[in-house]
Structures are given as structure tokens and as C-alpha cells.
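Everything below belongs to model-v8.pdb, which stores PDB, C-alpha atoms.
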```pdb
ATOM      1  CA  MET A 295       9.403  27.640 -25.045  1.00  0.00           C
ATOM      2  CA  THR A 296       8.876  24.164 -23.632  1.00  0.00           C
ATOM      3  CA  SER A 297      10.908  21.168 -24.582  1.00  0.00           C
ATOM      4  CA  SER A 298       9.300  18.232 -26.304  1.00  0.00           C
ATOM      5  CA  VAL A 299      12.033  15.878 -25.097  1.00  0.00           C
ATOM      6  CA  PRO A 300      10.695  13.506 -22.424  1.00  0.00           C
ATOM      7  CA  ASP A 301      12.226  13.997 -18.998  1.00  0.00           C
ATOM      8  CA  PRO A 302      13.197  10.514 -17.707  1.00  0.00           C
ATOM      9  CA  LYS A 303      13.412  11.766 -14.119  1.00  0.00           C
ATOM     10  CA  ARG A 304       9.866  13.168 -14.310  1.00  0.00           C
ATOM     11  CA  GLU A 305       8.536   9.989 -15.932  1.00  0.00           C
ATOM     12  CA  LYS A 306      10.184   7.901 -13.213  1.00  0.00           C
ATOM     13  CA  SER A 307       8.738  10.060 -10.443  1.00  0.00           C
ATOM     14  CA  GLU A 308       5.276   9.954 -12.054  1.00  0.00           C
ATOM     15  CA  GLY A 309       5.519   6.142 -12.129  1.00  0.00           C
ATOM     16  CA  MET A 310       6.514   6.171  -8.473  1.00  0.00           C
ATOM     17  CA  TYR A 311       3.493   8.351  -7.659  1.00  0.00           C
ATOM     18  CA  GLU A 312       1.247   5.956  -9.547  1.00  0.00           C
ATOM     19  CA  ARG A 313       2.588   3.019  -7.508  1.00  0.00           C
ATOM     20  CA  SER A 314       2.245   5.019  -4.282  1.00  0.00           C
ATOM     21  CA  SER A 315      -1.328   5.883  -5.239  1.00  0.00           C
ATOM     22  CA  ALA A 316      -2.022   2.216  -5.960  1.00  0.00           C
ATOM     23  CA  ARG A 317      -0.775   1.227  -2.512  1.00  0.00           C
ATOM     24  CA  LEU A 318      -2.859   3.870  -0.779  1.00  0.00           C
ATOM     25  CA  ALA A 319      -5.918   2.930  -2.840  1.00  0.00           C
ATOM     26  CA  ALA A 320      -5.403  -0.761  -2.025  1.00  0.00           C
ATOM     27  CA  VAL A 321      -5.397   0.021   1.700  1.00  0.00           C
ATOM     28  CA  GLN A 322      -8.545   2.100   1.275  1.00  0.00           C
ATOM     29  CA  ALA A 323     -10.239  -0.570  -0.843  1.00  0.00           C
ATOM     30  CA  LEU A 324      -9.408  -3.366   1.608  1.00  0.00           C
ATOM     31  CA  TYR A 325     -10.743  -1.231   4.442  1.00  0.00           C
ATOM     32  CA  GLN A 326     -13.933  -0.607   2.475  1.00  0.00           C
ATOM     33  CA  ILE A 327     -14.339  -4.315   1.644  1.00  0.00           C
ATOM     34  CA  GLU A 328     -14.019  -5.267   5.309  1.00  0.00           C
ATOM     35  CA  ALA A 329     -16.175  -2.427   6.626  1.00  0.00           C
ATOM     36  CA  SER A 330     -18.975  -2.617   4.075  1.00  0.00           C
ATOM     37  CA  GLN A 331     -18.825  -6.287   3.079  1.00  0.00           C
ATOM     38  CA  ASN A 332     -19.181  -5.115  -0.543  1.00  0.00           C
ATOM     39  CA  PRO A 333     -17.912  -7.569  -3.165  1.00  0.00           C
ATOM     40  CA  PRO A 334     -14.191  -7.030  -3.845  1.00  0.00           C
ATOM     41  CA  GLU A 335     -14.675  -6.819  -7.611  1.00  0.00           C
ATOM     42  CA  GLN A 336     -17.244  -4.032  -7.170  1.00  0.00           C
ATOM     43  CA  VAL A 337     -14.905  -2.087  -4.890  1.00  0.00           C
ATOM     44  CA  ILE A 338     -12.044  -2.511  -7.382  1.00  0.00           C
ATOM     45  CA  LYS A 339     -14.279  -1.267 -10.193  1.00  0.00           C
ATOM     46  CA  ASP A 340     -15.442   1.716  -8.135  1.00  0.00           C
ATOM     47  CA  PHE A 341     -11.846   2.758  -7.499  1.00  0.00           C
ATOM     48  CA  LEU A 342     -10.796   2.312 -11.113  1.00  0.00           C
ATOM     49  CA  ILE A 343     -13.628   4.401 -12.517  1.00  0.00           C
ATOM     50  CA  GLY A 344     -13.159   7.084  -9.884  1.00  0.00           C
ATOM     51  CA  ARG A 345     -16.433   6.559  -8.074  1.00  0.00           C
ATOM     52  CA  THR A 346     -14.502   5.838  -4.880  1.00  0.00           C
ATOM     53  CA  GLY A 347     -11.126   7.123  -3.834  1.00  0.00           C
ATOM     54  CA  GLY A 348     -10.102  10.641  -4.501  1.00  0.00           C
ATOM     55  CA  LEU A 349      -6.880  12.473  -3.977  1.00  0.00           C
ATOM     56  CA  ALA A 350      -3.677  11.688  -2.161  1.00  0.00           C
ATOM     57  CA  VAL A 351      -1.118  14.191  -0.947  1.00  0.00           C
ATOM     58  CA  LEU A 352       2.361  12.825  -1.501  1.00  0.00           C
ATOM     59  CA  GLN A 353       5.553  14.371  -0.205  1.00  0.00           C
ATOM     60  CA  ASP A 354       8.830  14.113  -2.102  1.00  0.00           C
ATOM     61  CA  ALA A 355      11.419  12.771   0.365  1.00  0.00           C
ATOM     62  CA  ASP A 356      14.215  14.855  -1.166  1.00  0.00           C
ATOM     63  CA  THR A 357      12.516  18.221  -1.567  1.00  0.00           C
ATOM     64  CA  GLU A 358       9.692  17.824   0.979  1.00  0.00           C
ATOM     65  CA  GLN A 359       7.423  19.311  -1.676  1.00  0.00           C
ATOM     66  CA  GLU A 360       3.846  18.099  -1.504  1.00  0.00           C
ATOM     67  CA  THR A 361       2.017  17.000  -4.627  1.00  0.00           C
ATOM     68  CA  THR A 362      -1.665  16.221  -4.963  1.00  0.00           C
ATOM     69  CA  VAL A 363      -2.207  13.110  -7.048  1.00  0.00           C
ATOM     70  CA  ALA A 364      -5.547  11.900  -8.283  1.00  0.00           C
ATOM     71  CA  LEU A 365      -5.970   8.263  -7.391  1.00  0.00           C
ATOM     72  CA  THR A 366      -7.424   7.711 -10.838  1.00  0.00           C
ATOM     73  CA  THR A 367      -3.791   7.915 -12.039  1.00  0.00           C
ATOM     74  CA  LEU A 368      -2.877   4.941  -9.916  1.00  0.00           C
ATOM     75  CA  ASP A 369      -0.959   1.944 -11.190  1.00  0.00           C
ATOM     76  CA  SER A 370      -4.085  -0.125 -11.809  1.00  0.00           C
ATOM     77  CA  GLU A 371      -2.149  -3.372 -12.259  1.00  0.00           C
ATOM     78  CA  LEU A 372      -0.496  -3.039  -8.852  1.00  0.00           C
ATOM     79  CA  PHE A 373      -3.751  -1.942  -7.212  1.00  0.00           C
ATOM     80  CA  ILE A 374      -5.735  -4.871  -8.598  1.00  0.00           C
ATOM     81  CA  ASN A 375      -2.932  -7.315  -7.765  1.00  0.00           C
ATOM     82  CA  LEU A 376      -2.774  -6.207  -4.130  1.00  0.00           C
ATOM     83  CA  VAL A 377      -6.520  -6.330  -3.524  1.00  0.00           C
ATOM     84  CA  ARG A 378      -7.006  -9.668  -5.287  1.00  0.00           C
ATOM     85  CA  THR A 379      -3.992 -11.251  -3.583  1.00  0.00           C
ATOM     86  CA  VAL A 380      -5.376 -10.310  -0.170  1.00  0.00           C
ATOM     87  CA  GLN A 381      -8.752 -11.752  -1.161  1.00  0.00           C
ATOM     88  CA  LYS A 382      -7.274 -15.016  -2.479  1.00  0.00           C
ATOM     89  CA  ARG A 383      -4.562 -15.542   0.139  1.00  0.00           C
ATOM     90  CA  GLY A 384      -6.106 -13.738   3.110  1.00  0.00           C
ATOM     91  CA  ASP A 385      -5.748 -16.535   5.666  1.00  0.00           C
ATOM     92  CA  GLU A 386      -2.106 -17.117   4.744  1.00  0.00           C
ATOM     93  CA  ILE A 387      -1.369 -13.375   4.870  1.00  0.00           C
ATOM     94  CA  ASP A 388      -3.144 -12.947   8.222  1.00  0.00           C
ATOM     95  CA  ASP A 389      -1.181 -15.890   9.673  1.00  0.00           C
ATOM     96  CA  MET A 390       2.077 -14.296   8.525  1.00  0.00           C
ATOM     97  CA  ILE A 391       1.099 -11.000  10.148  1.00  0.00           C
ATOM     98  CA  LYS A 392       0.041 -12.696  13.391  1.00  0.00           C
ATOM     99  CA  GLY A 393       3.378 -14.531  13.492  1.00  0.00           C
ATOM    100  CA  ALA A 394       5.304 -11.261  13.086  1.00  0.00           C
ATOM    101  CA  LEU A 395       3.425  -9.238  15.700  1.00  0.00           C
ATOM    102  CA  SER A 396       5.029  -8.431  19.032  1.00  0.00           C
ATOM    103  CA  PRO A 397       3.242  -9.045  22.349  1.00  0.00           C
ATOM    104  CA  GLU A 398       2.563  -5.283  22.605  1.00  0.00           C
ATOM    105  CA  TRP A 399       0.613  -5.422  19.322  1.00  0.00           C
ATOM    106  CA  PRO A 400      -1.631  -8.515  19.381  1.00  0.00           C
ATOM    107  CA  TRP A 401      -3.902  -9.134  16.384  1.00  0.00           C
ATOM    108  CA  GLU A 402      -6.928  -8.022  18.404  1.00  0.00           C
ATOM    109  CA  ARG A 403      -5.363  -4.567  18.877  1.00  0.00           C
ATOM    110  CA  LEU A 404      -5.103  -3.916  15.139  1.00  0.00           C
ATOM    111  CA  GLU A 405      -7.939  -1.836  13.797  1.00  0.00           C
ATOM    112  CA  MET A 406      -9.198  -2.195  10.213  1.00  0.00           C
ATOM    113  CA  THR A 407      -6.960   0.411   8.588  1.00  0.00           C
ATOM    114  CA  LEU A 408      -3.822  -1.083  10.100  1.00  0.00           C
ATOM    115  CA  ARG A 409      -4.879  -4.600   9.101  1.00  0.00           C
ATOM    116  CA  ALA A 410      -5.561  -3.386   5.548  1.00  0.00           C
ATOM    117  CA  LEU A 411      -2.150  -1.716   5.405  1.00  0.00           C
ATOM    118  CA  LEU A 412      -0.276  -4.771   6.651  1.00  0.00           C
ATOM    119  CA  ARG A 413      -2.235  -7.092   4.368  1.00  0.00           C
ATOM    120  CA  SER A 414      -1.437  -4.929   1.341  1.00  0.00           C
ATOM    121  CA  GLY A 415       2.233  -4.785   2.251  1.00  0.00           C
ATOM    122  CA  VAL A 416       2.464  -8.544   2.679  1.00  0.00           C
ATOM    123  CA  ALA A 417       0.589  -9.087  -0.597  1.00  0.00           C
ATOM    124  CA  GLU A 418       3.182  -6.974  -2.383  1.00  0.00           C
ATOM    125  CA  LEU A 419       6.065  -8.790  -0.690  1.00  0.00           C
ATOM    126  CA  LEU A 420       4.563 -12.117  -1.763  1.00  0.00           C
ATOM    127  CA  THR A 421       3.763 -11.299  -5.369  1.00  0.00           C
ATOM    128  CA  ARG A 422       5.903  -8.416  -6.599  1.00  0.00           C
ATOM    129  CA  THR A 423       9.423  -9.774  -6.447  1.00  0.00           C
ATOM    130  CA  ASP A 424      10.315  -7.247  -9.173  1.00  0.00           C
ATOM    131  CA  ILE A 425       9.990  -4.502  -6.523  1.00  0.00           C
ATOM    132  CA  PRO A 426      12.776  -4.529  -3.913  1.00  0.00           C
ATOM    133  CA  ALA A 427      11.473  -5.507  -0.481  1.00  0.00           C
ATOM    134  CA  GLY A 428      13.025  -2.410   1.072  1.00  0.00           C
ATOM    135  CA  ALA A 429      11.095  -0.214  -1.345  1.00  0.00           C
ATOM    136  CA  THR A 430       7.849  -2.018  -0.532  1.00  0.00           C
ATOM    137  CA  VAL A 431       8.379  -1.647   3.216  1.00  0.00           C
ATOM    138  CA  SER A 432       9.340   2.031   2.880  1.00  0.00           C
ATOM    139  CA  GLU A 433       6.328   2.800   0.710  1.00  0.00           C
ATOM    140  CA  PHE A 434       3.906   1.196   3.132  1.00  0.00           C
ATOM    141  CA  ILE A 435       5.499   3.078   6.023  1.00  0.00           C
ATOM    142  CA  GLU A 436       4.726   6.277   4.089  1.00  0.00           C
ATOM    143  CA  VAL A 437       1.131   5.100   3.716  1.00  0.00           C
ATOM    144  CA  ALA A 438       1.049   4.411   7.463  1.00  0.00           C
ATOM    145  CA  HIS A 439       2.173   7.988   8.127  1.00  0.00           C
ATOM    146  CA  ALA A 440      -0.777   9.192   6.034  1.00  0.00           C
ATOM    147  CA  PHE A 441      -3.110   7.557   8.537  1.00  0.00           C
ATOM    148  CA  TYR A 442      -1.227   7.617  11.838  1.00  0.00           C
ATOM    149  CA  ALA A 443       0.848  10.062  13.865  1.00  0.00           C
ATOM    150  CA  GLY A 444       1.621   7.620  16.697  1.00  0.00           C
ATOM    151  CA  SER A 445       3.612   4.411  16.928  1.00  0.00           C
ATOM    152  CA  GLU A 446       1.675   2.542  14.236  1.00  0.00           C
ATOM    153  CA  PRO A 447       4.142   3.303  11.405  1.00  0.00           C
ATOM    154  CA  ARG A 448       7.038   1.907  13.479  1.00  0.00           C
ATOM    155  CA  MET A 449       5.035  -1.205  14.261  1.00  0.00           C
ATOM    156  CA  ALA A 450       4.107  -1.657  10.587  1.00  0.00           C
ATOM    157  CA  ASN A 451       7.775  -1.237   9.668  1.00  0.00           C
ATOM    158  CA  ALA A 452       8.812  -3.937  12.134  1.00  0.00           C
ATOM    159  CA  VAL A 453       6.124  -6.376  10.984  1.00  0.00           C
ATOM    160  CA  LEU A 454       6.767  -5.916   7.261  1.00  0.00           C
ATOM    161  CA  ASP A 455      10.521  -6.116   7.807  1.00  0.00           C
ATOM    162  CA  ARG A 456      10.170  -9.392   9.751  1.00  0.00           C
ATOM    163  CA  ILE A 457       7.942 -10.863   7.058  1.00  0.00           C
ATOM    164  CA  SER A 458      10.320  -9.807   4.269  1.00  0.00           C
ATOM    165  CA  LYS A 459      13.109 -11.663   6.101  1.00  0.00           C
ATOM    166  CA  VAL A 460      10.959 -14.776   6.536  1.00  0.00           C
ATOM    167  CA  LEU A 461      10.226 -14.666   2.803  1.00  0.00           C
ATOM    168  CA  GLY A 462      13.928 -14.322   2.044  1.00  0.00           C
ATOM    169  CA  ARG A 463      13.355 -10.891   0.524  1.00  0.00           C
ATOM    170  CA  ALA A 464      15.386  -8.785   2.970  1.00  0.00           C
TER     171      ALA A 464
END
```
Would you mind writing the file's structure down as C-alpha cells?
Amino acid sequence: MTSSVPDPKREKSEGMYERSSARLAAVQALYQIEASQNPPEQVIKDFLIGRTGGLAVLQDADTEQETTVALTTLDSELFINLVRTVQKRGDEIDDMIKGALSPEWPWERLEMTLRALLRSGVAELLTRTDIPAGATVSEFIEVAHAFYAGSEPRMANAVLDRISKVLGRA
């Protein structure tokens, strides 16, 4: 017999997965916007209706159990906010990233996925003060690990951490 009482821990973890999915989708959408030059609003719509995107494999940090999450269950408010913030404040965000890069990682070295990841992370740091900066940085490092096995996640961590300090969010 199953219980009909809601499990707050499960609801919280599902909300976390939806936010994680939104972050991953935002990185993918920003990459697609830059690569294809498609209008941002069309790319947002395509993600929200499931035409673009797909599945994400998320790993629980405590249990190391992997879960497949459909990106259609993403936190659409967070996703839209990240993509639109990067579109509206792109020059400001890029300047912040350039100012936080080390000499080993000049702007020219960053490929599109890494730029999209850093832009999304900065957008969240700028606009979502309801989410602790440490949580934002950690979540985007997890996204970086989904794309990179090398030193890119450490670099993204350093850049987002520096920017969170500049913004007074650390």
C-alpha cells in the first residue's frame, strides 16, 4: 500500500532537479542561440515545448545514484530568466567574465559551451538573490562536469566564485 502523504524530502529533491534541469537547458539554449543565430524567443519556446532539449542524467551527491530527468520538467521560470538575462545584459555579463578570467584562460580560449555556462551562472548570480551564491556556483560546476572531464570545471568554479565576491554575494 502506498502512502498518500506528500514526502517533503522528495518534493524538495524534485524541485532541485527541476532547477538543475533549467540550468543545463539554459546552457544548451545559449549555445544553440550563439551557434545557430536563431532568435532567443524561438529557442526558449522550442525548449519549453520539448522540441529541443531532451534528457539529463543527474547524480545525487549523497547516494551517487543517477536519475534521468526529462528537461521538459525544468523550472521554466528559472530557465527563461537565465536565457533572457544573458540576452539583455550580455555585454555586462561578458565584461564581468573577462575581468574574472586568469591569464591561463583568456576570453579567446573559451569555446561556446564554456561561455554559455559562465554566462548562465553570472545571470543567476545577478538576478536570483533568493538562491545562495554558493548553491549557484556548485550547481554550475555540476553542469560543467556534464560537459568536461578536464580543468574546465575548476576554471568555471574560480570565475563564478570571483564574480560572486565582486557582487557581494559570497
Pairwise distance for CA of Ile391 in chain A and CA of Ser414 in chain A, rounded to one decimal in Å: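 Distance reported for this atom pair: 11.0 Å.
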query: For the file shown, what are the residues hit by the PyMOL selection byres ((chain A and resi 336-339) around 8), laid out as a list in words?
result: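 Output of the PyMOL selection byres ((chain A and resi 336-339) around 8): Ala323, Gln326, Ile327, Asn332, Pro333, Pro334, Glu335, Asp340, Phe341, Leu342, Ile343, Thr346, Ile374 and Val377 of chain A.
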Export, as a PDB file, in the coordinates of the input, the selected residues with C-alpha atoms.
```pdb
ATOM      1  CA  ALA A 323     -10.239  -0.570  -0.843  1.00  0.00           C
ATOM      2  CA  GLN A 326     -13.933  -0.607   2.475  1.00  0.00           C
ATOM      3  CA  ILE A 327     -14.339  -4.315   1.644  1.00  0.00           C
ATOM      4  CA  ASN A 332     -19.181  -5.115  -0.543  1.00  0.00           C
ATOM      5  CA  PRO A 333     -17.912  -7.569  -3.165  1.00  0.00           C
ATOM      6  CA  PRO A 334     -14.191  -7.030  -3.845  1.00  0.00           C
ATOM      7  CA  GLU A 335     -14.675  -6.819  -7.611  1.00  0.00           C
ATOM      8  CA  ASP A 340     -15.442   1.716  -8.135  1.00  0.00           C
ATOM      9  CA  PHE A 341     -11.846   2.758  -7.499  1.00  0.00           C
ATOM     10  CA  LEU A 342     -10.796   2.312 -11.113  1.00  0.00           C
ATOM     11  CA  ILE A 343     -13.628   4.401 -12.517  1.00  0.00           C
ATOM     12  CA  THR A 346     -14.502   5.838  -4.880  1.00  0.00           C
ATOM     13  CA  ILE A 374      -5.735  -4.871  -8.598  1.00  0.00           C
ATOM     14  CA  VAL A 377      -6.520  -6.330  -3.524  1.00  0.00           C
TER      15      VAL A 377
END
```
Residue members of the PyMOL selection byres ((chain A and resi 446-455) around 9) in the file shown, as a PyMOL selection string: chain A and resi 391+393-396+399+408+411-412+415-416+419+427-428+430-432+434-439+441-445+456-460+464
Show me as a CSV table (one decimal) with C-alpha atoms, keeping the file's coordinate frame the residues that reach within 8 Å of (-11.9, 0.6, 7.5), counting only C-alpha atoms and using the file's own coordinates.
```csv
chain,number,residue,atom,x,y,z
A,322,GLN,CA,-8.5,2.1,1.3
A,324,LEU,CA,-9.4,-3.4,1.6
A,325,TYR,CA,-10.7,-1.2,4.4
A,326,GLN,CA,-13.9,-0.6,2.5
A,328,GLU,CA,-14.0,-5.3,5.3
A,329,ALA,CA,-16.2,-2.4,6.6
A,405,GLU,CA,-7.9,-1.8,13.8
A,406,MET,CA,-9.2,-2.2,10.2
A,407,THR,CA,-7.0,0.4,8.6
A,410,ALA,CA,-5.6,-3.4,5.5
```
task: For CA of Leu376 in chain A and CA of Thr421 in chain A, determine how far apart the two atoms are, in Å to one decimal place.
output: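 Going from CA of Leu376 in chain A over to CA of Thr421 in chain A, I get 8.4 Å.
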query: In Å to one decimal, how far is CA of Thr361 in chain A from CA of Val321 in chain A?
result: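 Calculated distance between CA of Val321 in chain A and CA of Thr361 in chain A is 19.6 Å.
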- prompt: Got a sec: who's within 6 Å of Ser315 in chain A, counting only C-alpha atoms, leaving out chain neighbours fewer than 3 positions off, as a list in words?
  reply: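 The neighbour list is Tyr311, Glu312, Leu318, Ala319, Leu365 and Leu368 of chain A.
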Proximity to Met390 in chain A - best of A:Gly344, A:Arg409, A:Ile425, A:Thr357, all atoms listed in the file: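 With all atoms listed in the file as the atom set, the closest residue is A:Arg409.
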Step by step, gather every atom of range 327-344 of chain A that the file lists, find the box along x, y and z that holds them, add 4 Å on each side, and finally give centre and edge lengths in Å to one decimal, as AutoDock Vina command-line options.
```
--center_x -15.0 --center_y -0.2 --center_z -2.9 --size_x 16.4 --size_y 22.7 --size_z 27.1
```
- prompt: Which one is closest to Glu371 in chain A: A:Trp401, A:Arg422, A:Glu358, A:Lys392? Count all atoms listed in the file.
  reply: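 Of A:Trp401, A:Arg422, A:Glu358, A:Lys392, the one nearest Glu371 in chain A, counting all atoms listed in the file, is A:Arg422.
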